[in-house]
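Asker: Below you will find the structure I want to go over with you.
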Amino acid sequence: SHSTSRQQNQPQGHYGLTSPISLALPNDIDHTHTQKLIEAMKPFGVFEDKEELYQRTTVLGKLNNLVREWISELAESKNLPPSIIEHLGGKIFTFGSYRLGVHTKGSSDIDALCVAPSHVERSDFFQSFFEKLKNRVEVKNLRAIEDAYVPVIKFYFDGIEIDLVFAKLSMQTVSDDLDLRDDSCLRSLDIRCIRSLNGNRVTDEILRLVPNLENFRLTLRAIKLWAKRRGVYSNIMGFLGGVSWAMLVARICQLYPNALASTLVNKFFLIFSKWDWPKPVLLKRLEESFLNLPVWDPRVNPSDRYHVMPIITPAYPQQNSTYNVSASTRAVMVEEFQRGLEVTDEILKGKSDWSKLFEPLNFFQKYKHYIVLTASAFTEEHHLNWIGLVESKIRVLVGNLERNEFITIAHVQPQSFPGNESLYKQSGCVSMWFLGLVFKKVESAEKTNVDLTHGIQSFTDTVYRQASALNILKEGMKIEATYVKRKQLHYFLPAETLQKRKKQRVADISQGNSGLQCKRSSLGESCLDSSRTPSNSSLLNKISKLDTSTAETERLSLISWPNSKSQVSPAEMEASVALRTSGPPIGCTIPGYNTVSQLRTCFVQGHHKLSATLITDPKSAAPKQHYSPASK
């Protein structure tokens, strides 16, 4: 790592667009707080041991050899002369958390880039190299996501998770000493190759733009752990991914170049809880280039003006790394920044300890209203493809919901859960995601009708159409959305996931906090199921199913929440939540299904039918309003 003294002797103006806020050197208390921060992080496995580091290095070496072997075989099949084949090369570069030096113990994947010479096509990577991986005994859980913004092959190699992207350069050979920092390597490349190279170029540029690597890495480890514990770490779901968190931390390091991690973590929350979004976060000036590639610039590109939380990558062509962020996800993150500031202020005053910062978000107690989204398929292979697609589109659902005039926040929990085996025993493999909803407080209205149909139907249509276009739609692939109240979540999740933690010290300020009013709306990595759900609820056996083509409406009571600044007792308000759907859009048929799928409603004892409207006894704590493409 870079020496502290050498870096601190460089002119401070080299780091960032503005001069530092403070050049203060750390004192003994700062060192003590930082040591305590390290100790608090250790139980979470954020520091990798030498044995694991060696294993990752070995895996990358094997992968590099495999790439070179494949490139040579491909050249032979394309009848290139032996004299050229001998010097073709090919190389694996790393980027992301592994390259930044902040990968964690056990669970971190490695972001890798396969760089190939000009005779190799992208189609070769997704066909012949994919097949080569498929035939290796060390490779498990192999899947290709060819239509992603940055197309990727995901797999496990000797137990190490790898996300491998591809770029071919417009040169005949790829030498070992190739420097990807040179803009000329982008010449004549297609946009997908440029995006693939961008990961490595951005990571290396971030490392060059921080004053002290050791302090940067420790602070970033702390912020990433905090973001994961608080449920705000997921680019694909509309929160921030690793590179965005790294750029935010790098900016704080530029502003406080001599500070230790304990101070930097506190300043991180101070600066970004008060940041004037959508003012962009930049690590250096936007650069021009002879290549004339599209760069983020709201003065030129009207679509860039709708980005709600821009964080701009420092390597050409500069892009906004947070285009997936919506009004809801930004509001959730700002609330978490505010909590982080309060907690770290307490810690630095000696009134609390670092473990409080890393207390998990109690998502299932936070809201009164939820949508349960389930994706199911008959086989594991189909399910992997299906959840990858569904997961990549959940932010579309969030955007649709937050445009509903009665919804203030639609907060998705990034982690997925396996489906309850009793509830979904016909469906094969099932994954579930949960979205917490905050309904807008309607002054003077005793009754409010909230229709979620359009937003959810539009989302399911999008998923089915894309699955059909990609030719991955198979019989048994379904999406279901269920509206439930908090007290009904136990039908879907085990008690240990739901139980209110006795030590939860943070007040639920989301429902009624003025800082969470979403004024702007914008539409913009795969979570593994991380818990097993027991199927021991006898009540689940009593659930009956009703197939109907008519619209089903559920009546329920909504309690308006007290404003966070006042202690007004909650006023009663009645609302209807309606969900109507007709399954996949016309022309998007599932193989083996002859008819357009119809609505399926799932409910428990206490129901009765009246004029084609399902009215459920409010005392019955049961799942309401399933809709899914289920064939008749």
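Letters for chains follow the order of the structure tokens (A, B, ...), residue numbers begin at 1 for each chain, and ligand numbers begin at 1 in the order shown.
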Could you give me, as an mmCIF file with C-alpha atoms, in the first residue's frame, the residues within 7 Å of Ile371 (chain A), counting only C-alpha atoms and dropping anything in the same chain fewer than 2 positions from it?
Answerer:
data_model
loop_
_atom_site.group_PDB
_atom_site.id
_atom_site.type_symbol
_atom_site.label_atom_id
_atom_site.label_comp_id
_atom_site.auth_asym_id
_atom_site.auth_seq_id
_atom_site.Cartn_x
_atom_site.Cartn_y
_atom_site.Cartn_z
ATOM 1 C CA LEU A 373 -43.262 -10.537 -4.828
ATOM 2 C CA PHE A 434 -40.614 -7.823 0.066
ATOM 3 C CA LEU A 435 -41.537 -4.183 -0.526
ATOM 4 C CA GLY A 436 -42.617 -1.943 2.364
ATOM 5 C CA ALA A 481 -47.614 -10.195 -6.099
ATOM 6 C CA THR A 482 -49.419 -10.286 -2.785
ATOM 7 C CA TYR A 483 -50.528 -7.299 -0.719
ATOM 8 C CA VAL A 484 -50.224 -8.052 3.020
#
Asker: Write out as a ChimeraX atom specification each polymer residue whose atoms come within 8 Å of Leu493 (chain A), counting only C-alpha atoms; drop sequence neighbours fewer than 4 positions from it.
Answerer: /A:420,489,497-498,533
Asker: So which one's closest to Ser22 (chain A), A:Thr58, A:Val174, A:Tyr256, A:Ser184? Using only C-alpha atoms, please.
Answerer: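 So, comparing all the options, the nearest one is A:Tyr256.
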Asker: I'd like the contact shell of Phe155 (chain A) - 6 Å cut-off, only C-alpha atoms, skipping same-chain residues fewer than 4 positions apart - returned as a ChimeraX atom specification.
Answerer: /A:140-142,161-162
Asker: Just list as a PyMOL selection string whatever in region 161-293 of chain A DSSP marks as strand (DSSP E or B).
Answerer: chain A and resi 161-168+174+233+240+281-282
Asker: Could you save the residues just selected, with C-alpha atoms, as a PDB file, in the first residue's frame?
Answerer:
ATOM      1  CA  GLU A 161     -17.972 -16.520  -6.926  1.00  0.00           C
ATOM      2  CA  ILE A 162     -16.926 -14.812 -10.183  1.00  0.00           C
ATOM      3  CA  ASP A 163     -18.737 -12.184 -12.270  1.00  0.00           C
ATOM      4  CA  LEU A 164     -16.913 -12.167 -15.606  1.00  0.00           C
ATOM      5  CA  VAL A 165     -17.444  -9.450 -18.236  1.00  0.00           C
ATOM      6  CA  PHE A 166     -15.879  -9.293 -21.686  1.00  0.00           C
ATOM      7  CA  ALA A 167     -14.123  -6.774 -23.934  1.00  0.00           C
ATOM      8  CA  LYS A 168     -12.352  -7.294 -27.221  1.00  0.00           C
ATOM      9  CA  VAL A 174      -3.130  -8.611 -25.787  1.00  0.00           C
ATOM     10  CA  TYR A 233     -26.483  -2.055  -0.671  1.00  0.00           C
ATOM     11  CA  LEU A 240     -25.995   1.915  -4.379  1.00  0.00           C
ATOM     12  CA  VAL A 281     -20.714  13.938  -6.506  1.00  0.00           C
ATOM     13  CA  LEU A 282     -17.522  14.249  -8.588  1.00  0.00           C
TER      14      LEU A 282
END
Asker: With a distance cut-off of 12 Å and only C-alpha atoms, select the neighbouring residues of Tyr370 (chain A), excluding the residue or stretch itself and same-chain residues fewer than 5 positions from it, and output the selection as an mmCIF file with C-alpha atoms, in the first residue's frame.
Answerer:
data_model
loop_
_atom_site.group_PDB
_atom_site.id
_atom_site.type_symbol
_atom_site.label_atom_id
_atom_site.label_comp_id
_atom_site.auth_asym_id
_atom_site.auth_seq_id
_atom_site.Cartn_x
_atom_site.Cartn_y
_atom_site.Cartn_z
ATOM 1 C CA PHE A 363 -37.396 -4.107 7.806
ATOM 2 C CA PHE A 364 -40.333 -6.343 8.733
ATOM 3 C CA GLN A 365 -41.317 -4.123 11.659
ATOM 4 C CA LEU A 401 -45.556 2.212 -7.294
ATOM 5 C CA ILE A 407 -47.854 6.013 -2.201
ATOM 6 C CA ILE A 409 -42.431 5.324 -0.253
ATOM 7 C CA ALA A 410 -41.973 1.936 -1.914
ATOM 8 C CA HIS A 411 -38.987 0.387 -0.120
ATOM 9 C CA VAL A 412 -37.653 -2.925 -1.452
ATOM 10 C CA GLN A 413 -35.606 -5.187 0.825
ATOM 11 C CA TRP A 433 -38.851 -10.230 -2.257
ATOM 12 C CA PHE A 434 -40.614 -7.823 0.066
ATOM 13 C CA LEU A 435 -41.537 -4.183 -0.526
ATOM 14 C CA GLY A 436 -42.617 -1.943 2.364
ATOM 15 C CA LEU A 437 -45.196 0.718 1.471
ATOM 16 C CA VAL A 438 -45.987 4.062 3.046
ATOM 17 C CA PHE A 439 -49.371 5.420 1.961
ATOM 18 C CA LEU A 452 -52.166 -0.979 -7.304
ATOM 19 C CA ALA A 481 -47.614 -10.195 -6.099
ATOM 20 C CA THR A 482 -49.419 -10.286 -2.785
ATOM 21 C CA TYR A 483 -50.528 -7.299 -0.719
ATOM 22 C CA VAL A 484 -50.224 -8.052 3.020
ATOM 23 C CA LYS A 485 -50.265 -6.213 6.305
ATOM 24 C CA ARG A 486 -47.385 -6.561 8.728
ATOM 25 C CA LYS A 487 -49.293 -9.048 10.911
ATOM 26 C CA GLN A 488 -49.703 -11.388 7.906
ATOM 27 C CA LEU A 489 -45.998 -11.692 7.082
ATOM 28 C CA PHE A 492 -44.335 -16.153 4.279
ATOM 29 C CA VAL A 577 -56.566 -1.847 -2.129
ATOM 30 C CA PRO A 623 -52.348 -13.482 3.052
ATOM 31 C CA LYS A 624 -54.581 -11.488 0.730
ATOM 32 C CA GLN A 625 -54.685 -10.858 -2.976
#
Asker: For Ser458 (chain A), which residue among A:Glu359, A:Val396, A:Ile479, A:Leu113 is the nearest when counting only C-alpha atoms?
Answerer: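 Nearest candidate to Ser458 (chain A) out of A:Glu359, A:Val396, A:Ile479, A:Leu113: A:Val396.
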Asker: Pick the closest to Asp182 (chain A) from A:Leu291, A:Leu66, A:Ala112, A:Leu470: which is it, counting only C-alpha atoms?
Answerer: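 Smallest distance to Asp182 (chain A) is found for A:Leu291.
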Asker: Counting only C-alpha atoms, which residue out of A:Lys440, A:Arg339, A:Lys274, A:His103 sits closest to Glu402 (chain A)?
Answerer: A:Lys440
Asker: Using only C-alpha atoms, can you tell me which of A:Ile456, A:Ala377, A:Ile236, A:Ala331 comes closest to Ile472 (chain A)?
Answerer: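 The closest residue to Ile472 (chain A) is A:Ala377.
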Asker: Fewer than 4 positions away in the same chain doesn't count, so skip those; otherwise give me all residues within 8 Å of Thr322 (chain A), counting only C-alpha atoms, as a short mmCIF file (atom, residue, chain, number, x, y, z; two decimals) with N, CA, C and O atoms, in the first residue's frame.
Answerer:
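Below is the file that was written, around-v2.cif:
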data_model
loop_
_atom_site.label_atom_id
_atom_site.label_comp_id
_atom_site.auth_asym_id
_atom_site.auth_seq_id
_atom_site.Cartn_x
_atom_site.Cartn_y
_atom_site.Cartn_z
N ASN A 235 -27.12 -2.13 -6.20
CA ASN A 235 -27.30 -1.32 -7.40
C ASN A 235 -28.52 -1.78 -8.19
O ASN A 235 -29.33 -0.96 -8.63
N GLY A 238 -31.85 -0.46 -7.01
CA GLY A 238 -32.07 0.99 -6.95
C GLY A 238 -31.41 1.67 -5.77
O GLY A 238 -31.62 2.87 -5.54
N PHE A 239 -30.60 0.92 -5.00
CA PHE A 239 -29.77 1.55 -3.98
C PHE A 239 -28.39 1.77 -4.60
O PHE A 239 -28.29 1.97 -5.80
N LEU A 240 -27.33 1.73 -3.82
CA LEU A 240 -25.99 1.92 -4.38
C LEU A 240 -25.22 0.60 -4.37
O LEU A 240 -25.32 -0.17 -3.42
N SER A 244 -20.30 2.80 -6.28
CA SER A 244 -20.89 4.08 -5.84
C SER A 244 -20.51 4.39 -4.40
O SER A 244 -20.15 5.53 -4.07
N HIS A 307 -31.86 12.22 -13.24
CA HIS A 307 -31.15 11.39 -12.26
C HIS A 307 -31.24 12.07 -10.89
O HIS A 307 -30.93 13.24 -10.76
N MET A 309 -29.77 11.12 -7.88
CA MET A 309 -28.66 11.01 -6.92
C MET A 309 -27.34 10.77 -7.67
O MET A 309 -26.66 9.77 -7.45
N PRO A 310 -26.96 11.68 -8.59
CA PRO A 310 -25.82 11.39 -9.46
C PRO A 310 -24.47 11.31 -8.75
O PRO A 310 -24.09 12.20 -7.99
N ILE A 311 -23.77 10.19 -8.98
CA ILE A 311 -22.40 9.98 -8.50
C ILE A 311 -21.61 9.60 -9.75
O ILE A 311 -21.88 8.57 -10.37
#
Asker: Go ahead and compute the interatomic distance for CA of Leu264 (chain A) and CA of Leu248 (chain A), in Å to one decimal.
Answerer: 11.0 Å
Asker: Near Ser123 (chain A), counting only C-alpha atoms, which residues have an atom at most 12 Å away, once you skip same-chain residues fewer than 4 positions from it, shown as a PyMOL selection string?
Answerer: chain A and resi 74+119+127-131+144+146+151+166-168
Asker: Applying 9 Å and only C-alpha atoms, which residues near Met247 (chain A) remain after dropping the ones on its own chain fewer than 3 positions away? List them as a ChimeraX atom specification.
Answerer: /A:206,242-244,250-252,281-283,311-314
